[in-house]
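A.B. asks: One file is attached below, run.csv, containing CSV, C-alpha atoms.
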```csv
chain,number,residue,atom,x,y,z
A,1386,MET,CA,21.1,35.1,9.4
A,1387,ARG,CA,21.7,32.0,11.5
A,1388,VAL,CA,19.9,28.6,11.8
A,1389,VAL,CA,19.4,27.1,15.3
A,1390,ASP,CA,17.7,24.1,16.8
A,1391,VAL,CA,14.3,24.6,18.4
A,1392,ALA,CA,15.2,24.0,22.0
A,1393,ASP,CA,12.6,25.6,24.2
A,1394,ARG,CA,8.9,26.5,24.3
A,1395,ALA,CA,9.3,30.0,23.0
A,1396,ALA,CA,11.2,28.7,19.9
A,1397,PHE,CA,8.6,26.0,19.4
A,1398,ASP,CA,5.8,28.6,19.4
A,1399,ALA,CA,7.7,30.6,16.8
A,1400,PHE,CA,8.1,27.5,14.7
A,1401,VAL,CA,4.3,26.9,14.8
A,1402,ARG,CA,3.5,30.5,14.0
A,1403,LEU,CA,5.8,30.5,10.9
A,1404,GLY,CA,3.7,27.7,9.4
A,1405,HIS,CA,0.7,30.0,9.7
A,1406,ASP,CA,2.1,33.4,9.0
A,1407,THR,CA,4.4,33.0,5.9
A,1408,HIS,CA,2.2,31.3,3.3
A,1409,ASP,CA,-0.2,34.1,2.1
A,1410,GLY,CA,-3.3,32.4,3.5
A,1411,ARG,CA,-3.2,29.6,0.9
A,1412,ALA,CA,-1.4,26.9,3.0
A,1413,VAL,CA,-3.1,24.7,5.6
A,1414,PRO,CA,-0.9,24.5,8.7
A,1415,LEU,CA,0.3,21.1,9.8
A,1416,ARG,CA,-1.6,19.9,12.9
A,1417,GLU,CA,0.1,21.3,15.9
A,1418,ARG,CA,-0.1,18.0,17.8
A,1419,ARG,CA,2.1,16.4,15.2
A,1420,LEU,CA,4.7,19.2,15.5
A,1421,ARG,CA,4.6,18.9,19.2
A,1422,ASN,CA,5.4,15.1,19.0
A,1423,TRP,CA,8.4,15.9,16.9
A,1424,PHE,CA,9.6,18.6,19.3
A,1425,ARG,CA,9.2,16.4,22.4
A,1426,GLY,CA,10.7,13.3,20.8
A,1427,THR,CA,7.5,11.3,21.2
A,1428,SER,CA,6.9,10.8,17.5
A,1429,SER,CA,6.6,7.2,16.2
A,1430,HIS,CA,9.4,8.0,13.7
A,1431,PRO,CA,12.3,5.6,14.3
A,1432,HIS,CA,15.0,8.4,14.0
A,1433,PRO,CA,15.3,11.7,15.8
A,1434,VAL,CA,13.6,14.7,14.2
A,1435,ALA,CA,15.3,18.1,14.4
A,1436,LEU,CA,13.2,21.3,14.3
A,1437,LEU,CA,15.2,24.3,12.8
A,1438,LEU,CA,14.6,28.0,13.0
A,1439,ALA,CA,16.2,30.6,10.7
A,1440,LEU,CA,16.8,33.8,12.6
A,1441,ASP,CA,17.5,37.2,11.1
A,1442,ASP,CA,18.7,39.5,13.9
A,1443,ASP,CA,16.9,37.1,16.3
A,1444,ARG,CA,13.7,37.4,14.4
A,1445,PRO,CA,12.2,34.1,13.2
A,1446,VAL,CA,12.0,34.1,9.4
A,1447,GLY,CA,11.9,30.5,8.4
A,1448,ARG,CA,11.7,26.9,9.6
A,1449,ALA,CA,12.3,23.3,8.6
A,1450,VAL,CA,12.6,19.8,10.0
A,1451,VAL,CA,15.4,17.5,9.1
A,1452,HIS,CA,15.6,13.8,9.7
A,1453,ARG,CA,16.6,10.4,8.3
A,1454,ASP,CA,14.9,7.1,7.7
A,1455,ASP,CA,16.7,3.8,6.9
A,1456,ARG,CA,13.6,2.4,5.2
A,1457,LEU,CA,13.4,5.4,2.8
A,1458,ASP,CA,17.1,5.0,2.1
A,1459,ARG,CA,16.5,1.5,0.9
A,1460,ARG,CA,13.7,2.6,-1.4
A,1461,LEU,CA,15.8,5.5,-2.8
A,1462,GLY,CA,19.0,3.5,-3.1
A,1463,THR,CA,21.0,6.1,-1.2
A,1464,ARG,CA,21.6,7.6,2.2
A,1465,ALA,CA,19.4,10.7,2.3
A,1466,GLN,CA,18.9,13.7,4.6
A,1467,VAL,CA,15.2,14.4,4.5
A,1468,PHE,CA,13.8,17.9,4.9
A,1469,GLY,CA,10.3,19.2,5.3
A,1470,ALA,CA,7.7,21.4,7.1
A,1471,LEU,CA,9.2,24.3,5.2
A,1472,ALA,CA,8.2,27.9,5.8
A,1473,ALA,CA,10.4,30.7,4.6
A,1474,GLN,CA,9.9,34.4,3.9
A,1475,ASP,CA,12.1,34.3,0.8
A,1476,ALA,CA,14.6,32.2,-1.1
A,1477,ALA,CA,17.5,33.5,0.9
A,1478,VAL,CA,15.9,32.1,4.1
A,1479,LEU,CA,15.3,28.8,2.3
A,1480,HIS,CA,18.9,28.5,1.2
A,1481,ALA,CA,20.1,29.2,4.8
A,1482,LEU,CA,17.9,26.3,6.0
A,1483,LEU,CA,19.1,23.9,3.3
A,1484,ASP,CA,22.7,24.9,3.9
A,1485,GLU,CA,22.2,23.7,7.4
A,1486,ALA,CA,20.5,20.6,6.2
A,1487,GLU,CA,23.5,19.9,4.0
A,1488,ARG,CA,25.9,20.4,6.9
A,1489,ARG,CA,24.0,17.8,8.9
A,1490,ALA,CA,23.9,15.5,5.9
A,1491,ARG,CA,27.7,15.6,5.6
A,1492,ALA,CA,28.0,14.9,9.4
A,1493,SER,CA,25.8,11.9,9.1
A,1494,GLY,CA,27.3,10.5,5.9
A,1495,ALA,CA,24.2,11.3,3.8
A,1496,ALA,CA,24.8,11.6,0.1
A,1497,GLU,CA,21.8,13.6,-1.0
A,1498,LEU,CA,19.0,15.8,0.2
A,1499,PHE,CA,15.4,14.7,-0.3
A,1500,GLY,CA,12.1,16.5,0.3
A,1501,PRO,CA,9.9,18.1,1.2
A,1502,ALA,CA,8.4,15.3,3.3
A,1503,GLN,CA,6.5,15.3,6.6
A,1504,LEU,CA,8.0,13.0,7.7
A,1505,LEU,CA,7.8,10.4,4.9
A,1506,PRO,CA,6.6,11.0,1.4
A,1507,ASN,CA,3.8,8.5,1.9
A,1508,GLN,CA,2.5,10.5,4.9
A,1509,SER,CA,2.6,14.1,3.5
A,1510,GLY,CA,4.9,16.1,1.4
A,1511,GLY,CA,6.0,17.3,-2.0
A,1512,ALA,CA,6.4,20.8,-3.4
A,1513,VAL,CA,3.7,22.5,-5.5
A,1514,THR,CA,5.2,23.3,-8.9
A,1515,SER,CA,2.2,24.9,-10.6
A,1516,ALA,CA,-1.3,26.5,-9.9
A,1517,PHE,CA,0.1,28.5,-7.0
A,1518,GLU,CA,-3.1,30.6,-7.1
A,1519,GLU,CA,-5.1,27.6,-5.9
A,1520,ARG,CA,-5.2,27.1,-2.1
A,1521,GLY,CA,-3.8,24.1,-0.4
A,1522,PHE,CA,-6.0,21.8,1.7
A,1523,LEU,CA,-5.9,19.1,4.4
A,1524,ASP,CA,-2.7,17.0,4.0
A,1525,ALA,CA,-1.9,18.7,0.6
A,1526,GLN,CA,0.9,21.2,0.5
A,1527,TRP,CA,1.0,24.8,-0.8
A,1528,ASN,CA,4.1,26.9,-1.4
A,1529,PRO,CA,5.0,30.1,-3.2
A,1530,ALA,CA,6.1,30.0,-6.9
A,1531,TRP,CA,9.7,30.9,-6.0
A,1532,LEU,CA,10.3,27.7,-4.0
A,1533,PRO,CA,10.7,25.2,-6.8
A,1534,GLU,CA,12.9,27.7,-8.6
A,1535,ALA,CA,15.1,28.0,-5.5
A,1536,LEU,CA,15.4,24.3,-5.1
A,1537,GLU,CA,16.4,23.8,-8.7
A,1538,SER,CA,18.9,26.6,-8.5
A,1539,ARG,CA,20.8,24.4,-6.0
A,1540,GLY,CA,21.0,21.6,-8.6
A,1541,MET,CA,18.1,19.6,-7.1
A,1542,ARG,CA,15.9,17.7,-9.6
A,1543,ARG,CA,12.3,16.8,-9.6
A,1544,TRP,CA,11.4,13.2,-8.7
A,1545,TYR,CA,8.1,11.4,-8.7
A,1546,GLU,CA,6.0,14.1,-10.1
A,1547,GLY,CA,2.3,14.1,-9.5
A,1548,ASP,CA,-0.9,16.2,-9.1
A,1549,THR,CA,-3.6,17.0,-6.6
A,1550,TRP,CA,-7.0,16.6,-8.1
A,1551,ILE,CA,-10.4,18.3,-7.9
A,1552,VAL,CA,-13.8,17.0,-9.0
A,1553,ASP,CA,-17.4,18.0,-8.7
A,1554,VAL,CA,-19.3,15.4,-6.7
A,1555,VAL,CA,-21.4,13.2,-9.0
A,1556,ASP,CA,-25.0,13.0,-7.6
A,1557,GLU,CA,-26.0,9.6,-8.8
A,1558,ASP,CA,-27.0,6.3,-7.2
A,1559,GLY,CA,-24.1,4.2,-6.0
A,1560,PRO,CA,-23.5,0.6,-7.3
A,1561,SER,CA,-26.4,-1.7,-7.2
A,1562,ASP,CA,-26.5,-5.0,-5.2
A,1563,ALA,CA,-26.3,-6.8,-8.5
A,1564,GLU,CA,-23.1,-5.0,-9.5
A,1565,LEU,CA,-21.5,-5.8,-6.1
A,1566,ASP,CA,-22.5,-9.4,-6.4
A,1567,ARG,CA,-20.9,-9.6,-9.9
A,1568,ALA,CA,-17.7,-8.2,-8.5
A,1569,GLY,CA,-17.8,-10.6,-5.5
A,1570,ILE,CA,-17.7,-7.9,-2.9
A,1571,ARG,CA,-19.8,-6.1,-0.3
A,1572,ILE,CA,-19.0,-2.6,1.0
A,1573,ASP,CA,-18.6,-1.8,4.7
A,1574,GLU,CA,-19.3,1.8,5.7
A,1575,VAL,CA,-17.1,2.5,8.7
A,1576,THR,CA,-19.0,4.2,11.5
A,1577,ARG,CA,-17.5,6.6,14.1
A,1578,VAL,CA,-17.9,3.8,16.7
A,1579,GLY,CA,-16.0,1.4,14.4
A,1580,LEU,CA,-13.3,3.8,13.4
A,1581,ALA,CA,-10.5,2.3,15.5
A,1582,GLN,CA,-11.3,-1.2,14.0
A,1583,GLY,CA,-11.5,0.4,10.5
A,1584,MET,CA,-8.0,1.8,11.0
A,1585,ARG,CA,-6.6,-1.6,12.0
A,1586,THR,CA,-8.2,-3.1,8.9
A,1587,LEU,CA,-6.8,-0.3,6.8
A,1588,LEU,CA,-3.1,-0.7,7.8
A,1589,PRO,CA,-2.2,-4.0,5.9
A,1590,LEU,CA,-4.5,-3.0,3.0
A,1591,LEU,CA,-2.7,0.4,2.6
A,1592,ASN,CA,0.8,-1.2,2.9
A,1593,ASP,CA,0.0,-3.9,0.3
A,1594,SER,CA,-1.8,-1.5,-2.1
A,1595,PHE,CA,1.1,1.0,-2.4
A,1596,ALA,CA,4.1,-1.4,-2.0
A,1597,GLN,CA,5.1,-1.0,-5.6
A,1598,LEU,CA,5.3,2.8,-5.6
A,1599,PRO,CA,8.9,3.9,-5.6
A,1600,TYR,CA,8.6,6.2,-2.6
A,1601,PHE,CA,6.5,4.0,-0.3
A,1602,THR,CA,7.8,2.7,3.0
A,1603,PRO,CA,5.4,0.5,4.9
A,1604,LEU,CA,3.7,2.3,7.9
A,1605,SER,CA,3.7,0.8,11.4
A,1606,LYS,CA,0.5,1.0,13.4
A,1607,ALA,CA,2.0,3.8,15.5
A,1608,GLU,CA,2.9,5.8,12.4
A,1609,LEU,CA,-0.6,5.3,10.9
A,1610,ASP,CA,-2.2,6.3,14.2
A,1611,GLU,CA,0.0,9.5,14.4
A,1612,TRP,CA,-0.7,10.3,10.7
A,1613,THR,CA,-4.5,10.0,11.1
A,1614,GLU,CA,-4.6,11.5,14.6
A,1615,GLY,CA,-7.6,13.9,14.9
A,1616,LEU,CA,-9.2,12.6,11.7
A,1617,TRP,CA,-12.0,11.1,13.8
A,1618,LEU,CA,-13.2,14.7,14.3
A,1619,LEU,CA,-13.5,15.1,10.5
A,1620,HIS,CA,-15.1,11.7,10.0
A,1621,GLU,CA,-18.5,11.6,8.3
A,1622,GLU,CA,-20.6,8.5,8.0
A,1623,GLY,CA,-20.2,6.9,4.5
A,1624,LEU,CA,-16.9,8.4,3.7
A,1625,PHE,CA,-14.6,5.6,4.9
A,1626,LEU,CA,-15.4,2.5,2.9
A,1627,ILE,CA,-13.9,-1.0,2.9
A,1628,ALA,CA,-14.6,-3.6,0.2
A,1629,ARG,CA,-14.6,-7.2,1.4
A,1630,ASP,CA,-14.7,-10.3,-0.8
A,1631,GLU,CA,-17.0,-13.3,-0.4
A,1632,ASP,CA,-14.7,-14.7,2.3
A,1633,GLU,CA,-14.9,-11.4,4.2
A,1634,VAL,CA,-11.3,-10.6,3.4
A,1635,PRO,CA,-10.7,-6.8,3.0
A,1636,VAL,CA,-9.5,-6.1,-0.6
A,1637,ALA,CA,-9.9,-2.3,-1.2
A,1638,PHE,CA,-10.7,1.0,0.5
A,1639,VAL,CA,-11.4,4.7,0.2
A,1640,LEU,CA,-11.0,7.2,3.0
A,1641,ALA,CA,-12.3,10.7,2.7
A,1642,VAL,CA,-13.0,13.4,5.3
A,1643,VAL,CA,-14.7,16.8,5.4
A,1644,ASP,CA,-12.2,19.5,4.5
A,1645,ALA,CA,-11.5,21.5,7.7
A,1646,SER,CA,-8.9,23.6,6.0
A,1647,PRO,CA,-10.5,27.0,6.9
A,1648,LEU,CA,-10.7,25.9,10.6
A,1649,LEU,CA,-7.1,24.7,10.7
A,1650,GLN,CA,-6.0,28.0,9.1
A,1651,ARG,CA,-7.8,30.0,11.7
A,1652,SER,CA,-6.5,27.9,14.6
A,1653,GLY,CA,-2.9,27.6,13.3
A,1654,GLY,CA,-3.2,23.8,13.1
A,1655,ARG,CA,-4.8,23.3,16.5
A,1656,LEU,CA,-7.6,20.8,17.0
A,1657,GLY,CA,-8.4,21.5,20.6
A,1658,PRO,CA,-11.7,21.8,22.5
A,1659,SER,CA,-12.7,25.1,20.9
A,1660,GLU,CA,-12.0,23.8,17.4
A,1661,THR,CA,-14.0,20.7,18.2
A,1662,TRP,CA,-16.9,22.9,19.2
A,1663,SER,CA,-16.5,24.9,16.0
A,1664,LEU,CA,-16.5,21.7,13.9
A,1665,VAL,CA,-19.9,20.8,15.5
A,1666,ALA,CA,-21.3,24.2,15.1
A,1667,HIS,CA,-20.2,24.6,11.4
A,1668,ARG,CA,-20.6,21.0,10.3
A,1669,ARG,CA,-23.1,21.8,7.6
A,1670,GLU,CA,-20.8,24.4,6.0
A,1671,LEU,CA,-17.7,22.1,6.2
A,1672,ARG,CA,-19.7,19.3,4.5
A,1673,ARG,CA,-19.7,21.3,1.3
A,1674,GLU,CA,-16.1,20.2,0.5
A,1675,ALA,CA,-14.2,16.9,1.2
A,1676,VAL,CA,-10.7,15.6,0.8
A,1677,LEU,CA,-9.9,12.1,-0.4
A,1678,VAL,CA,-7.0,11.2,1.9
A,1679,VAL,CA,-6.2,7.8,0.4
A,1680,GLN,CA,-7.6,5.0,-1.7
A,1681,GLY,CA,-6.3,1.7,-3.1
A,1682,ALA,CA,-6.8,-2.0,-3.6
A,1683,ARG,CA,-4.7,-5.0,-2.5
A,1684,HIS,CA,-2.3,-6.0,-5.2
A,1685,ASP,CA,-4.2,-9.1,-6.2
A,1686,ALA,CA,-7.5,-7.2,-6.4
A,1687,GLN,CA,-6.2,-4.4,-8.6
A,1688,GLY,CA,-7.6,-4.0,-12.1
A,1689,ARG,CA,-11.0,-5.5,-11.2
A,1690,GLY,CA,-13.0,-2.3,-11.0
A,1691,ILE,CA,-13.5,-2.5,-7.2
A,1692,VAL,CA,-12.1,0.9,-6.4
A,1693,THR,CA,-14.5,2.3,-9.1
A,1694,LEU,CA,-17.4,0.7,-7.2
A,1695,LEU,CA,-16.2,2.2,-4.0
A,1696,SER,CA,-15.8,5.6,-5.6
A,1697,ARG,CA,-19.3,5.5,-6.9
A,1698,ARG,CA,-20.6,4.8,-3.4
A,1699,LEU,CA,-18.4,7.5,-2.1
A,1700,HIS,CA,-19.8,10.1,-4.5
A,1701,ALA,CA,-23.4,9.0,-3.7
A,1702,ASN,CA,-22.7,9.4,0.0
A,1703,LEU,CA,-21.0,12.8,-0.5
A,1704,ALA,CA,-24.0,14.0,-2.5
A,1705,GLU,CA,-26.3,12.8,0.3
A,1706,ILE,CA,-24.6,15.0,2.9
A,1707,GLY,CA,-24.6,18.0,0.7
A,1708,CYS,CA,-21.0,17.9,-0.5
A,1709,ALA,CA,-20.3,19.6,-3.8
A,1710,THR,CA,-16.5,19.3,-4.2
A,1711,LEU,CA,-14.0,16.5,-3.6
A,1712,ARG,CA,-10.2,17.2,-3.7
A,1713,SER,CA,-7.5,14.6,-3.6
A,1714,THR,CA,-4.1,14.7,-2.0
A,1715,GLN,CA,-1.3,14.3,-4.5
A,1716,ILE,CA,-1.3,11.3,-6.9
A,1717,GLY,CA,1.8,10.3,-8.7
A,1718,ARG,CA,1.5,10.3,-12.5
A,1719,LEU,CA,2.9,6.8,-12.6
A,1720,ASN,CA,0.0,5.7,-10.4
A,1721,LEU,CA,-2.3,5.3,-13.4
A,1722,GLY,CA,-5.1,3.5,-11.5
A,1723,SER,CA,-5.7,6.3,-9.1
A,1724,THR,CA,-5.5,9.1,-11.8
A,1725,ARG,CA,-8.0,7.2,-13.9
A,1726,GLN,CA,-10.4,7.2,-11.0
A,1727,PHE,CA,-10.6,10.9,-10.8
A,1728,ALA,CA,-10.6,11.4,-14.6
A,1729,ARG,CA,-13.5,8.8,-14.8
A,1730,PHE,CA,-15.7,11.1,-12.6
A,1731,GLY,CA,-14.8,14.3,-14.6
A,1732,GLY,CA,-12.0,15.4,-12.3
A,1733,ARG,CA,-9.0,17.5,-13.4
A,1734,PRO,CA,-5.5,18.0,-12.0
A,1735,LEU,CA,-5.2,21.0,-9.6
A,1736,HIS,CA,-1.6,21.5,-8.5
A,1737,SER,CA,1.4,19.9,-10.1
A,1738,THR,CA,3.7,18.4,-7.4
A,1739,ALA,CA,7.1,16.9,-7.1
A,1740,TYR,CA,9.7,15.7,-4.6
A,1741,TYR,CA,13.2,17.0,-5.0
A,1742,ARG,CA,16.5,15.2,-4.8
A,1743,GLY,CA,20.0,16.6,-5.0
A,1744,PRO,CA,23.6,15.6,-4.1
A,1745,VAL,CA,25.1,17.0,-0.9
A,1746,SER,CA,27.8,19.4,-1.9
A,1747,GLY,CA,31.4,19.1,-0.5
```
Take the structure I supplied and represent it as structure tokens, if you would.
C.D. replies:
Amino acid sequence: MRVVDVADRAAFDAFVRLGHDTHDGRAVPLRERRLRNWFRGTSSHPHPVALLLALDDDRPVGRAVVHRDDRLDRRLGTRAQVFGALAAQDAAVLHALLDEAERRARASGAAELFGPAQLLPNQSGGAVTSAFEERGFLDAQWNPAWLPEALESRGMRRWYEGDTWIVDVVDEDGPSDAELDRAGIRIDEVTRVGLAQGMRTLLPLLNDSFAQLPYFTPLSKAELDEWTEGLWLLHEEGLFLIARDEDEVPVAFVLAVVDASPLLQRSGGRLGPSETWSLVAHRRELRREAVLVVQGARHDAQGRGIVTLLSRRLHANLAEIGCATLRSTQIGRLNLGSTRQFARFGGRPLHSTAYYRGPVSG
């Protein structure tokens, strides 16, 4: 077995296929456009991203990306080689990929491996450590049960453990005008036409809301645009909410989208013209399930119940479009405010998740 860089179109196509073919139908492929940006070097990431293929007698059997980020190093307090976008047929393939990641780490002076992350932990990442029978979904990982065991056999340890969540949509009225007045807010429902402006408003809110989390590195506008690219296709009126105070200052937000996981699984991560048509044709079916991509409140607005009011409006709007189930991408167990939001509405943890850290050998 050998590990090589993805250097041409044929190798890139094999890299994309591996994300679709090796995960037993329970993983949702990363969006192909994102992978293509990494391959072409047009990603907004400030450092180069290397795409790796593991070959067994020239047959592709695994893949990974490796990269670095000075901002993440400052948060972790070390120089780290980050790995992610993993797909491997078995533990032997994974070890071959991580051996190569370690080789590159030593060459760059990195002291430890960190991952999985695509590309940063605040964008997408983490390994599933339980409930492997439950499928993944948009921006939430899935991996086979042997993967955490293989990582731990290398001396890697779990870091910042969390959970994905699932909740039945609560079909009740949202907050009343009187409740909003008492909280000193109004709620904007971002429309499709206003989506670009909504994203500009979201960026400083998101960076402020998560600044205290140990893995979080502030996103640039270009990184946010790349991370949310294509989400406009999944946008539904009433699922992107921004709370503004009496001075019209944005203070909190929730962003959910319809769960297009089945479509992305069928297309291998593509969101091209035919997938766009399929989204239109099957909109009613897709509306049955949604994914909470991100929620939060500015630091000085936390603990005031504003996100709860937004969540109540979100549930009312979800029920109105016929949505029955809301899933959430991973929430760290130290992020008590967000975990309380799902528990408050009767939600339960779905997958356990963790990042992994381990020293570079040699």
A.B. asks: Using Å and a single decimal, report how far CA of Gln1503 (chain A) sits from CA of Gly1469 (chain A).
C.D. replies: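 Separation between CA of Gly1469 (chain A) and CA of Gln1503 (chain A): 5.6 Å.
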A.B. asks: Excluding same-chain residues fewer than 6 positions from region 1401-1413 of chain A, what lies within 8 Å of it counting all atoms listed in the file, as a list of chain:residue names?
C.D. replies: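 Residues near the query, excluding close chain neighbours: A:Leu1420, A:Pro1445, A:Val1446, A:Gly1447, A:Arg1448, A:Ala1470, A:Leu1471, A:Ala1472, A:Ala1473, A:Gln1474, A:Glu1519, A:Arg1520, A:Gly1521, A:Phe1522, A:Leu1523, A:Asp1524, A:Ala1525, A:Gln1526, A:Trp1527, A:Asn1528, A:Pro1529, A:Ser1646, A:Pro1647, A:Leu1649, A:Gln1650, A:Gly1653, A:Gly1654.
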A.B. asks: Give me the residues within 10 Å of Val1679 (chain A) as a ChimeraX atom specification, counting all atoms listed in the file and dropping any in the same chain fewer than 6 places off.
C.D. replies: /A:1591,1625,1638-1641,1713-1716,1723
A.B. asks: So how far away is CA of Asp1455 (chain A) from CA of His1432 (chain A), in Å?
C.D. replies: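 Taking CA of His1432 (chain A) as the start and CA of Asp1455 (chain A) as the end point, the length is 8.6 Å.
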A.B. asks: Using all atoms listed in the file, pick whichever of A:Leu1677, A:Gly1559, A:Glu1670, A:Pro1635 has the shortest atom-to-atom distance to Leu1695 (chain A).
C.D. replies: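 Among A:Leu1677, A:Gly1559, A:Glu1670, A:Pro1635, it is A:Gly1559 that comes nearest to Leu1695 (chain A).
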A.B. asks: To one decimal place, how far is CA of Arg1539 (chain A) from CA of Thr1463 (chain A) in Å?
C.D. replies: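 Taking CA of Arg1539 (chain A) as the start and CA of Thr1463 (chain A) as the end point, the length is 18.9 Å.
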A.B. asks: Restricting the calculation to only C-alpha atoms, which member of A:Ser1509, A:Thr1576, A:Thr1586, A:Asn1422 is positioned closest to Val1634 (chain A)?
C.D. replies: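 Of A:Ser1509, A:Thr1576, A:Thr1586, A:Asn1422, the one nearest Val1634 (chain A) is A:Thr1586, counting only C-alpha atoms.
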A.B. asks: Skip Ala1476 (chain A) itself and residues of its chain fewer than 4 positions away, then list as a PyMOL selection string all residues within 7 Å of it, counting all atoms listed in the file.
C.D. replies: chain A and resi 1480+1532+1535
A.B. asks: Go through A:His1736, A:Arg1425, A:Arg1418, A:Ala1728 and flag the residue nearest Arg1394 (chain A), using all atoms listed in the file for the distances.
C.D. replies: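 Result for the nearest residue to Arg1394 (chain A): A:Arg1425.
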A.B. asks: Nearest to Trp1617 (chain A): which of A:Arg1577, A:Arg1543, A:Arg1460, A:Arg1585 is it, counting only C-alpha atoms?
C.D. replies: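 Closest to Trp1617 (chain A), using only C-alpha atoms: A:Arg1577.
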A.B. asks: Which of these residues is nearest to Asp1441 (chain A), using all atoms listed in the file: A:Leu1590, A:Ile1627, A:Ile1691, A:Val1388?
C.D. replies: A:Val1388
A.B. asks: Compile the contact shell of Thr1602 (chain A) as JSON, numbers by chain: residues with an atom at most 9 Å away, counting all atoms listed in the file, same-chain residues fewer than 3 positions apart removed.
C.D. replies: {"A": [1456, 1457, 1460, 1505, 1506, 1507, 1592, 1595, 1596, 1598, 1599]}
A.B. asks: Go ahead and save the picked residues with C-alpha atoms, as a tab-separated table (two decimals), keeping the file's coordinate frame.
C.D. replies:
```tsv
chain	number	residue	atom	x	y	z
A	1456	ARG	CA	13.60	2.40	5.20
A	1457	LEU	CA	13.40	5.40	2.80
A	1460	ARG	CA	13.70	2.60	-1.40
A	1505	LEU	CA	7.80	10.40	4.90
A	1506	PRO	CA	6.60	11.00	1.40
A	1507	ASN	CA	3.80	8.50	1.90
A	1592	ASN	CA	0.80	-1.20	2.90
A	1595	PHE	CA	1.10	1.00	-2.40
A	1596	ALA	CA	4.10	-1.40	-2.00
A	1598	LEU	CA	5.30	2.80	-5.60
A	1599	PRO	CA	8.90	3.90	-5.60
```
A.B. asks: Can you pull out the residues contacting Arg1673 (chain A)? Cut-off 8 Å, using only C-alpha atoms, and skip same-chain residues under 6 positions away; I want them as an mmCIF file with C-alpha atoms, in the frame of the given file.
C.D. replies:
```
data_model
loop_
_atom_site.group_PDB
_atom_site.id
_atom_site.type_symbol
_atom_site.label_atom_id
_atom_site.label_comp_id
_atom_site.auth_asym_id
_atom_site.auth_seq_id
_atom_site.Cartn_x
_atom_site.Cartn_y
_atom_site.Cartn_z
ATOM 1 C CA VAL A 1643 -14.700 16.800 5.400
ATOM 2 C CA GLY A 1707 -24.600 18.000 0.700
ATOM 3 C CA CYS A 1708 -21.000 17.900 -0.500
ATOM 4 C CA ALA A 1709 -20.300 19.600 -3.800
ATOM 5 C CA THR A 1710 -16.500 19.300 -4.200
#
```
A.B. asks: Mind listing whatever residues come within 9 Å of the point (10.5, 15.0, 5.1)? Use all atoms listed in the file, file coordinates, and give them as number ranges by chain.
C.D. replies: A: 1450-1453, 1466-1470, 1499-1506, 1509-1511
A.B. asks: Would you mind telling me which residue in A:Gly1722, A:Gln1508, A:Glu1622, A:Asn1702 lies nearest to Leu1604 (chain A) when using all atoms listed in the file?
C.D. replies: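 Between A:Gly1722, A:Gln1508, A:Glu1622, A:Asn1702, the residue approaching Leu1604 (chain A) most closely is A:Gln1508.
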A.B. asks: Starting from the point (-24.4, 0.2, -4.2), work out which residues of protein, DNA or RNA have an atom no more than 12 Å away when counting only C-alpha atoms; state them as a count of residues only.
C.D. replies: 31
